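J.: The file below is coords-v2.cif, mmCIF, C-alpha atoms:
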```cif
data_run
#
loop_
_atom_site.label_atom_id
_atom_site.label_comp_id
_atom_site.auth_asym_id
_atom_site.auth_seq_id
_atom_site.Cartn_x
_atom_site.Cartn_y
_atom_site.Cartn_z
CA MET A 1 107.43 123.34 129.60
CA ASP A 2 107.62 120.12 127.55
CA GLU A 3 106.11 118.11 130.40
CA GLU A 4 103.25 120.61 130.62
CA LEU A 5 102.70 120.34 126.85
CA HIS A 6 102.68 116.54 126.99
CA ARG A 7 100.14 116.64 129.80
CA ILE A 8 97.89 118.87 127.69
CA ILE A 9 98.27 116.50 124.70
CA ARG A 10 97.35 113.51 126.90
CA ARG A 11 94.25 115.32 128.13
CA ALA A 12 93.27 116.28 124.57
CA LYS A 13 93.70 112.65 123.49
CA ARG A 14 91.06 111.70 126.05
CA GLY A 15 88.68 114.19 124.43
CA ASP A 16 89.25 117.19 126.72
CA LYS A 17 88.19 120.12 124.54
CA GLU A 18 89.66 122.74 126.85
CA ALA A 19 93.06 121.08 126.51
CA TYR A 20 92.70 120.95 122.74
CA ALA A 21 91.79 124.64 122.62
CA GLN A 22 95.07 125.30 124.42
CA LEU A 23 96.96 123.24 121.82
CA VAL A 24 95.35 125.21 118.99
CA LYS A 25 96.38 128.42 120.73
CA ASP A 26 99.98 127.21 121.13
CA PHE A 27 100.41 125.84 117.61
CA LYS A 28 98.25 128.12 115.46
CA ASP A 29 101.05 130.55 114.55
CA PRO A 30 103.65 127.96 113.43
CA VAL A 31 100.96 125.98 111.60
CA TYR A 32 99.68 129.10 109.84
CA ARG A 33 103.22 130.21 108.93
CA TYR A 34 103.98 126.83 107.43
CA ALA A 35 100.74 126.77 105.42
CA LEU A 36 101.37 130.35 104.28
CA GLY A 37 104.86 129.41 103.11
CA MET A 38 103.55 126.40 101.23
CA LEU A 39 100.56 128.13 99.62
CA ASN A 40 101.67 131.77 99.40
CA ASP A 41 98.10 132.94 100.04
CA ARG A 42 96.67 134.15 103.33
CA MET A 43 93.11 132.92 102.79
CA ASP A 44 94.25 129.47 101.73
CA ALA A 45 96.70 129.31 104.64
CA GLU A 46 93.92 130.18 107.08
CA ASP A 47 91.65 127.54 105.54
CA ILE A 48 94.31 124.84 105.71
CA ALA A 49 95.31 125.72 109.27
CA GLN A 50 91.69 125.39 110.41
CA GLU A 51 91.15 122.18 108.48
CA ALA A 52 94.36 120.72 109.90
CA PHE A 53 93.37 121.45 113.50
CA VAL A 54 89.90 119.96 113.03
CA LYS A 55 91.33 116.87 111.34
CA ALA A 56 94.01 116.53 114.03
CA TYR A 57 91.38 116.65 116.80
CA TYR A 58 89.43 113.73 115.37
CA SER A 59 92.59 111.73 114.60
CA LEU A 60 94.16 112.47 118.00
CA PRO A 61 93.08 109.17 119.65
CA GLY A 62 95.20 107.37 117.03
CA LEU A 63 98.37 109.31 117.91
CA GLU A 64 100.80 106.75 119.36
CA SER A 65 102.94 109.08 121.46
CA GLU A 66 102.44 112.62 122.68
CA PHE A 67 106.16 113.24 121.96
CA ALA A 68 105.40 113.00 118.23
CA PHE A 69 102.49 115.47 118.31
CA SER A 70 104.29 118.37 116.66
CA SER A 71 105.69 116.41 113.69
CA TRP A 72 102.38 114.56 113.36
CA LEU A 73 100.46 117.86 113.21
CA PHE A 74 102.84 119.28 110.60
CA GLN A 75 102.46 116.11 108.58
CA ILE A 76 98.71 116.79 108.42
CA VAL A 77 99.32 120.43 107.39
CA SER A 78 101.85 119.29 104.79
CA ASN A 79 99.45 116.78 103.22
CA LEU A 80 96.56 119.24 103.19
CA SER A 81 98.76 121.98 101.66
CA LYS A 82 99.99 119.66 98.93
CA ASN A 83 96.43 118.59 98.14
CA ARG A 84 95.43 122.24 97.90
CA LEU A 85 98.34 122.93 95.53
CA LYS A 86 97.27 119.99 93.34
CA LYS A 87 93.71 121.32 93.29
CA ARG A 88 95.01 124.74 92.25
CA MET A 89 97.05 123.14 89.50
CA ARG A 90 94.00 121.25 88.18
CA GLU A 91 91.91 124.41 88.22
CA ARG A 92 94.66 126.36 86.49
CA ASN A 93 94.94 123.71 83.76
CA TYR A 94 91.18 123.76 83.33
CA TYR A 95 91.04 127.55 82.89
CA GLU A 96 94.08 127.58 80.64
CA GLU A 97 92.39 125.05 78.37
CA ALA A 98 89.19 127.08 78.42
CA GLU A 99 90.92 130.36 77.57
CA GLU A 100 93.68 129.09 75.31
CA SER A 101 94.50 132.41 73.67
CA THR A 102 94.02 134.71 76.65
CA MET A 103 97.09 133.47 78.54
CA ALA A 104 98.87 136.00 80.75
CA GLU A 105 102.20 137.20 79.50
CA PRO A 106 105.17 135.44 81.14
CA SER A 107 106.93 137.54 83.74
CA ASP A 108 109.87 139.68 82.65
CA PRO A 109 113.02 137.51 82.96
CA SER A 110 115.14 140.55 83.76
CA GLU A 111 112.95 141.43 86.74
CA LYS A 112 114.74 140.80 90.00
CA LEU A 113 112.87 138.36 92.18
CA SER A 114 112.41 138.75 95.88
CA ILE A 115 113.23 135.82 98.16
CA GLU A 116 109.48 135.41 98.75
CA GLN A 117 108.79 135.10 95.01
CA SER A 118 111.67 132.70 94.50
CA LEU A 119 110.50 130.58 97.41
CA ALA A 120 107.02 130.39 95.87
CA ARG A 121 108.56 129.21 92.59
CA LEU A 122 110.28 126.22 94.19
CA SER A 123 108.71 122.78 93.93
CA PRO A 124 106.44 121.92 96.92
CA GLU A 125 108.99 119.32 98.11
CA HIS A 126 111.84 121.85 98.07
CA ARG A 127 109.74 124.59 99.63
CA GLU A 128 108.60 122.21 102.32
CA VAL A 129 112.09 121.32 103.55
CA ILE A 130 113.23 124.94 103.50
CA LEU A 131 110.21 126.00 105.56
CA LEU A 132 110.50 123.16 108.04
CA HIS A 133 114.19 123.77 108.57
CA ASP A 134 114.70 127.50 108.27
CA VAL A 135 111.34 128.74 109.59
CA GLN A 136 110.18 126.04 112.01
CA GLY A 137 113.70 125.15 113.10
CA TYR A 138 113.27 121.38 112.70
CA ARG A 139 116.24 119.01 112.69
CA TYR A 140 116.72 116.60 109.77
CA GLU A 141 115.26 113.70 111.74
CA GLU A 142 112.03 115.59 112.46
CA ILE A 143 111.78 116.72 108.82
CA ALA A 144 112.14 113.08 107.79
CA GLN A 145 109.17 112.22 110.03
CA VAL A 146 106.99 115.03 108.70
CA THR A 147 107.80 114.46 105.04
CA ASN A 148 107.93 110.67 105.38
CA VAL A 149 111.24 110.32 103.52
CA PRO A 150 114.61 108.89 104.63
CA LEU A 151 117.12 111.11 106.44
CA GLY A 152 119.50 111.04 103.46
CA THR A 153 116.74 112.36 101.21
CA VAL A 154 116.12 115.27 103.58
CA LYS A 155 119.82 116.13 103.40
CA SER A 156 120.00 116.01 99.61
CA ARG A 157 116.63 117.72 99.21
CA LEU A 158 117.69 120.67 101.35
CA PHE A 159 120.87 121.03 99.34
CA ALA A 160 118.88 120.89 96.07
CA ALA A 161 116.32 123.37 97.42
CA ARG A 162 119.03 125.86 98.42
CA THR A 163 120.74 125.50 95.08
CA ALA A 164 117.43 126.04 93.23
CA LEU A 165 116.57 129.06 95.39
CA ARG A 166 119.98 130.62 94.86
CA ASN A 167 119.88 130.02 91.10
CA ASP A 168 116.44 131.60 90.87
CA LEU A 169 117.56 134.64 92.83
CA ARG A 170 120.67 134.97 90.65
CA LYS A 171 118.66 134.90 87.40
CA GLY A 172 117.45 138.44 87.91
CA GLU A 173 120.90 139.66 88.92
CA LEU A 174 122.64 138.15 85.88
CA SER A 175 120.15 139.21 83.21
CA MET B 1 133.10 124.68 93.70
CA ILE B 2 130.17 122.94 95.34
CA GLY B 3 130.29 119.96 92.96
CA HIS B 4 132.91 118.23 95.06
CA LEU B 5 131.05 118.68 98.34
CA ASN B 6 127.43 118.26 97.35
CA ASP B 7 125.03 118.09 100.28
CA GLN B 8 127.77 117.87 102.94
CA LEU B 9 128.26 121.64 102.90
CA SER B 10 124.52 122.19 103.30
CA ALA B 11 124.44 119.73 106.20
CA TYR B 12 127.44 121.53 107.72
CA LEU B 13 125.46 124.78 107.66
CA ASP B 14 122.65 122.99 109.53
CA ASP B 15 125.01 121.43 112.09
CA GLU B 16 123.96 117.93 111.04
CA LEU B 17 127.42 116.40 110.60
CA ASN B 18 129.46 114.31 113.02
CA GLU B 19 132.77 115.63 114.36
CA GLU B 20 134.87 113.88 111.73
CA GLU B 21 132.76 115.15 108.83
CA LYS B 22 132.71 118.64 110.32
CA LYS B 23 136.52 118.72 110.53
CA ALA B 24 136.80 117.58 106.90
CA ILE B 25 134.49 120.40 105.75
CA GLU B 26 136.30 123.00 107.86
CA ALA B 27 139.64 121.91 106.42
CA HIS B 28 138.21 122.24 102.93
CA LEU B 29 136.69 125.66 103.61
CA GLU B 30 140.11 127.04 104.62
CA SER B 31 141.39 126.48 101.11
CA CYS B 32 138.20 126.90 99.02
CA GLU B 33 136.94 130.45 98.66
CA SER B 34 133.99 129.53 96.44
CA CYS B 35 132.60 127.13 99.04
CA GLN B 36 133.08 129.74 101.76
CA ALA B 37 131.23 132.28 99.59
CA LEU B 38 128.45 129.80 98.92
CA LEU B 39 128.11 129.11 102.62
CA ASP B 40 127.74 132.86 103.24
CA VAL B 41 125.06 133.14 100.54
CA TRP B 42 123.11 130.23 102.02
CA LEU B 43 123.38 131.75 105.48
CA ALA B 44 122.03 135.07 104.22
CA MET B 45 119.21 133.27 102.38
CA GLN B 46 118.33 131.37 105.53
CA GLU B 47 118.03 134.65 107.45
CA GLN B 48 115.89 136.21 104.71
CA VAL B 49 113.51 133.25 104.66
CA LYS B 50 113.20 133.40 108.42
CA ASP B 51 112.45 137.14 108.23
CA ILE B 52 109.57 136.69 105.77
CA PHE B 53 107.54 134.66 108.24
CA GLN B 54 108.83 136.09 111.49
CA PHE B 55 105.87 138.39 112.00
CA ALA B 56 103.22 136.31 110.26
CA GLN B 57 100.50 135.58 112.78
CA ALA B 58 97.47 133.39 112.45
CA PRO B 59 94.15 135.28 112.45
CA ALA B 60 92.68 135.37 115.97
CA HIS B 61 89.43 133.67 114.94
CA ILE B 62 91.11 130.38 113.88
CA GLU B 63 90.89 129.02 117.40
CA ALA B 64 87.19 129.89 117.78
CA ASN B 65 86.34 128.46 114.34
CA VAL B 66 88.16 125.19 115.05
CA MET B 67 86.46 124.74 118.42
CA ALA B 68 83.03 125.62 116.97
CA THR B 69 83.47 122.95 114.25
CA ILE B 70 84.51 120.39 116.87
CA GLU B 71 81.51 121.26 119.06
CA ARG B 72 79.18 120.74 116.10
CA ASN B 73 80.48 117.21 115.39
CA PRO B 74 81.32 115.53 118.71
CA GLN B 75 80.35 112.07 117.39
CA LEU B 76 83.41 112.04 115.09
CA PHE B 77 85.75 111.85 118.08
CA VAL B 78 86.18 108.11 118.66
CA ARG B 79 88.32 107.32 121.67
CA LYS B 80 90.77 104.51 121.24
CA ARG B 81 89.56 101.72 123.53
CA TRP B 82 92.19 99.34 124.91
CA PHE B 83 89.68 96.48 125.00
CA ALA B 84 88.59 96.85 121.38
CA ILE B 85 90.99 94.20 120.02
CA PRO B 86 90.21 91.47 122.63
CA LEU B 87 86.51 92.20 122.12
CA ILE B 88 86.83 91.68 118.37
CA VAL B 89 88.74 88.41 118.96
CA ILE B 90 86.03 87.10 121.33
CA LEU B 91 83.36 88.13 118.84
CA LEU B 92 85.11 86.31 116.01
CA ILE B 93 85.56 83.16 118.12
CA SER B 94 81.87 83.28 119.07
CA VAL B 95 80.76 83.64 115.45
CA PHE B 96 83.08 80.78 114.47
CA GLY B 97 81.75 78.61 117.35
CA ILE B 98 78.12 79.27 116.52
CA THR B 99 78.67 78.57 112.82
CA THR B 100 80.63 75.34 113.33
CA GLY B 101 78.26 74.29 116.19
CA THR B 102 75.28 74.51 113.88
CA MET B 103 77.19 72.53 111.28
CA PHE B 104 78.04 69.84 113.87
CA VAL B 105 74.38 69.48 114.92
CA LYS B 106 73.37 69.19 111.26
CA PHE B 107 76.02 66.51 110.72
CA ILE B 108 74.80 64.41 113.72
CA HIS B 109 71.19 64.75 112.55
CA SER B 110 72.05 63.60 108.99
CA PHE B 111 74.13 60.70 110.33
CA THR B 112 71.24 59.51 112.59
CA ARG B 113 68.78 59.63 109.71
CA LEU B 114 71.18 57.62 107.53
CA PHE B 115 71.63 55.01 110.29
CA VAL B 116 67.85 54.65 110.76
CA ALA B 117 67.38 54.25 107.00
CA ILE B 118 70.05 51.51 106.82
CA LEU B 119 68.46 49.70 109.82
CA TYR B 120 65.04 49.87 108.19
CA MET B 121 66.38 48.52 104.89
CA ALA B 122 68.17 45.66 106.67
CA THR B 123 65.06 44.48 108.58
CA HIS B 124 62.95 44.86 105.44
CA PHE B 125 65.38 42.72 103.46
CA LEU B 126 65.50 40.03 106.20
CA SER B 127 61.70 39.76 106.47
CA ASN B 128 61.28 39.49 102.69
CA VAL B 129 63.80 36.65 102.16
CA PRO B 130 62.84 33.68 104.45
CA PHE B 131 66.06 31.72 103.91
CA VAL B 132 68.22 34.63 105.01
CA ALA B 133 65.90 35.28 107.99
CA LEU B 134 66.12 31.60 109.06
CA SER B 135 69.90 31.55 108.64
CA VAL B 136 70.32 34.75 110.68
CA SER B 137 68.03 33.34 113.44
CA VAL B 138 69.98 30.05 113.64
CA LEU B 139 73.30 31.88 113.60
CA SER B 140 72.08 34.20 116.35
CA LEU B 141 71.00 31.24 118.52
CA ILE B 142 74.42 29.57 118.06
CA VAL B 143 76.27 32.81 118.96
CA LEU B 144 73.96 33.29 121.98
CA THR B 145 74.51 29.70 123.25
CA ALA B 146 78.26 29.99 122.77
CA SER B 147 78.28 33.28 124.66
CA ILE B 148 76.31 31.86 127.62
CA TYR B 149 78.61 28.84 127.76
CA SER B 150 81.78 30.90 127.74
CA LEU B 151 80.36 33.26 130.36
CA ARG B 152 79.49 30.38 132.71
CA LYS B 153 83.05 29.04 132.29
CA ALA B 154 84.56 32.40 132.97
CA PHE B 155 82.57 33.05 136.18
CA GLN B 156 82.86 29.47 137.61
CA PRO B 157 84.27 29.74 141.22
CA ALA B 158 87.92 28.68 141.58
CA SER B 159 87.03 26.31 144.57
CA MET B 160 84.78 24.16 142.38
CA GLU B 161 87.66 23.81 139.88
CA ARG B 162 89.96 22.59 142.68
CA GLY B 163 87.26 20.09 144.04
#
```
Please, can you express the file's structure as structure tokens?

T.:
Amino acid sequence: MDEELHRIIRRAKRGDKEAYAQLVKDFKDPVYRYALGMLNDRMDAEDIAQEAFVKAYYSLPGLESEFAFSSWLFQIVSNLSKNRLKKRMRERNYYEEAEESTMAEPSDPSEKLSIEQSLARLSPEHREVILLHDVQGYRYEEIAQVTNVPLGTVKSRLFAARTALRNDLRKGELS
Amino acid sequence: MIGHLNDQLSAYLDDELNEEEKKAIEAHLESCESCQALLDVWLAMQEQVKDIFQFAQAPAHIEANVMATIERNPQLFVRKRWFAIPLIVILLISVFGITTGTMFVKFIHSFTRLFVAILYMATHFLSNVPFVALSVSVLSLIVLTASIYSLRKAFQPASMERG
């Protein structure tokens, strides 16, 4: 299976569009899931997944080894998702400044949060490691490659992310 | 409590510890109920997170959209050529050679012009001062005579010397 995948990646690297279409087919679900987890919005996740595949196709000749394709692809998705989150943040700040007094009421602190809501409230860095590990099933070493941080940071970040997620979930229960 | 274990317990859950570290955590878990409970909570959370995305599927048209975009812009795909680096090196050497070659030709040309100018000035000076011209002519004749004499001595056959 892996050998077959590597052969397809090699063909795609040489510009074989049929091979690349096969790669998109094989990776579109995990890529979309990851983008959805990062952005918590189906339209944005679809946009980012498409953008990532197009970007990956044109950058493919620069990929050193076909063995690194998966982590390399997720690195692209990760960067694009984070850029999208920053853009959202800028837009939000802009509208908040424009409508100073018409701010939405903060959510009820006694309301019990679902795991999905709590996950969306984590920082992008914490959400990222949780998604890569728990959803994509990546080992620490692969997460370190995708996120471009040392192995020790992955370990401590996952611990911090789990602690933050648990604390957020417990808030509703305790209040 | 987790404070004394920090990220080791989390790494234990992910099976990212070596045998020695694993044994240390397991020994601790036997006597620490709060860590055991925390491990259970994390495990449950992990399952819940997995469940959220388990059935999430990418829209079917993603593949078609991606391929259509790629078809529209084929010129952006630039294959990595193995000979690109040597080609750049040869190009740089050529540019360097041409530049320095031109400079070298210019240098020779300037030097020749300077030499001609000096020669012209020297002859002009000699023709304008008769004493110097006469002295140089006499000196030249002496040097010429001395040269002829020494040459004749040098090429004289050895047999004549013996006779």

J.: Residues of chain B within 12 Å of chain A, counting all atoms listed in the file - could you list those as a PyMOL selection string?

T.: chain B and resi 2-3+5-17+38-82

J.: So how many Å separate atom CA of A:Leu122 and atom CA of A:Arg170, to one decimal?

T.: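 Pair atom CA of A:Leu122 / atom CA of A:Arg170 returns 14.0 Å.
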
J.: Please measure the separation of atom CA of A:Asn167 and atom CA of A:Arg90, giving the value in Å to one decimal.

T.: 27.5 Å

J.: Please, what distance in Å, to one decimal, runs between atom CA of A:Ser78 and atom CA of A:Arg121?

T.: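 Distance between the two atoms: 17.1 Å.
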
J.: Hey, which of A:Ala120, A:Ala144, A:Ala68, A:Met89 ends up closest to A:Asp2? Count only C-alpha atoms.

T.: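 Checking each of A:Ala120, A:Ala144, A:Ala68, A:Met89 against A:Asp2, counting only C-alpha atoms, the winner is A:Ala68.
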
J.: Pull out every residue that the PyMOL selection byres ((chain A and resi 147) around 9) matches in the shown coordinates and put them as a PyMOL selection string.

T.: chain A and resi 74-75+78-79+125+128-129+142-146+148-150+154

J.: With only C-alpha atoms as the atoms that count, which of A:Lys86, A:Arg92, A:Arg11, A:Lys171 lies nearest to A:Leu39?

T.: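 Looking at the shortest contact to A:Leu39, the residue is A:Lys86.
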
J.: Rebuild stretch 70-91 of chain A to N, CA and C atoms - output it as a tab-separated table (two decimals), in the frame of the given file, please.

T.:
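Here's the written file result-v3.tsv:
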```
chain	number	residue	atom	x	y	z
A	70	SER	N	103.93	117.26	117.53
A	70	SER	CA	104.29	118.37	116.66
A	70	SER	C	104.55	117.91	115.21
A	71	SER	N	105.39	116.87	115.05
A	71	SER	CA	105.69	116.41	113.69
A	71	SER	C	104.45	115.79	113.04
A	72	TRP	N	103.62	115.16	113.86
A	72	TRP	CA	102.38	114.56	113.36
A	72	TRP	C	101.43	115.65	112.86
A	73	LEU	N	101.33	116.75	113.61
A	73	LEU	CA	100.46	117.86	113.21
A	73	LEU	C	100.96	118.49	111.90
A	74	PHE	N	102.28	118.67	111.81
A	74	PHE	CA	102.84	119.28	110.60
A	74	PHE	C	102.71	118.36	109.39
A	75	GLN	N	102.67	117.06	109.66
A	75	GLN	CA	102.46	116.11	108.58
A	75	GLN	C	101.05	116.31	107.99
A	76	ILE	N	100.09	116.55	108.87
A	76	ILE	CA	98.71	116.79	108.42
A	76	ILE	C	98.67	118.08	107.59
A	77	VAL	N	99.32	119.14	108.11
A	77	VAL	CA	99.32	120.43	107.39
A	77	VAL	C	100.00	120.26	106.03
A	78	SER	N	101.10	119.51	106.03
A	78	SER	CA	101.85	119.29	104.79
A	78	SER	C	100.98	118.59	103.75
A	79	ASN	N	100.30	117.52	104.16
A	79	ASN	CA	99.45	116.78	103.22
A	79	ASN	C	98.30	117.64	102.70
A	80	LEU	N	97.68	118.38	103.61
A	80	LEU	CA	96.56	119.24	103.19
A	80	LEU	C	97.04	120.33	102.23
A	81	SER	N	98.22	120.91	102.53
A	81	SER	CA	98.76	121.98	101.66
A	81	SER	C	99.06	121.44	100.27
A	82	LYS	N	99.66	120.24	100.23
A	82	LYS	CA	99.99	119.66	98.93
A	82	LYS	C	98.73	119.33	98.13
A	83	ASN	N	97.70	118.85	98.84
A	83	ASN	CA	96.43	118.59	98.14
A	83	ASN	C	95.85	119.88	97.58
A	84	ARG	N	95.95	120.96	98.36
A	84	ARG	CA	95.43	122.24	97.90
A	84	ARG	C	96.20	122.73	96.67
A	85	LEU	N	97.52	122.52	96.68
A	85	LEU	CA	98.34	122.93	95.53
A	85	LEU	C	97.95	122.14	94.28
A	86	LYS	N	97.68	120.83	94.48
A	86	LYS	CA	97.27	119.99	93.34
A	86	LYS	C	95.93	120.48	92.78
A	87	LYS	N	95.03	120.83	93.70
A	87	LYS	CA	93.71	121.32	93.29
A	87	LYS	C	93.86	122.61	92.47
A	88	ARG	N	94.74	123.47	92.96
A	88	ARG	CA	95.01	124.74	92.25
A	88	ARG	C	95.51	124.46	90.84
A	89	MET	N	96.44	123.49	90.78
A	89	MET	CA	97.05	123.14	89.50
A	89	MET	C	95.98	122.63	88.52
A	90	ARG	N	95.07	121.79	89.03
A	90	ARG	CA	94.00	121.25	88.18
A	90	ARG	C	93.11	122.38	87.67
A	91	GLU	N	92.78	123.29	88.59
A	91	GLU	CA	91.91	124.41	88.22
A	91	GLU	C	92.60	125.30	87.18
```
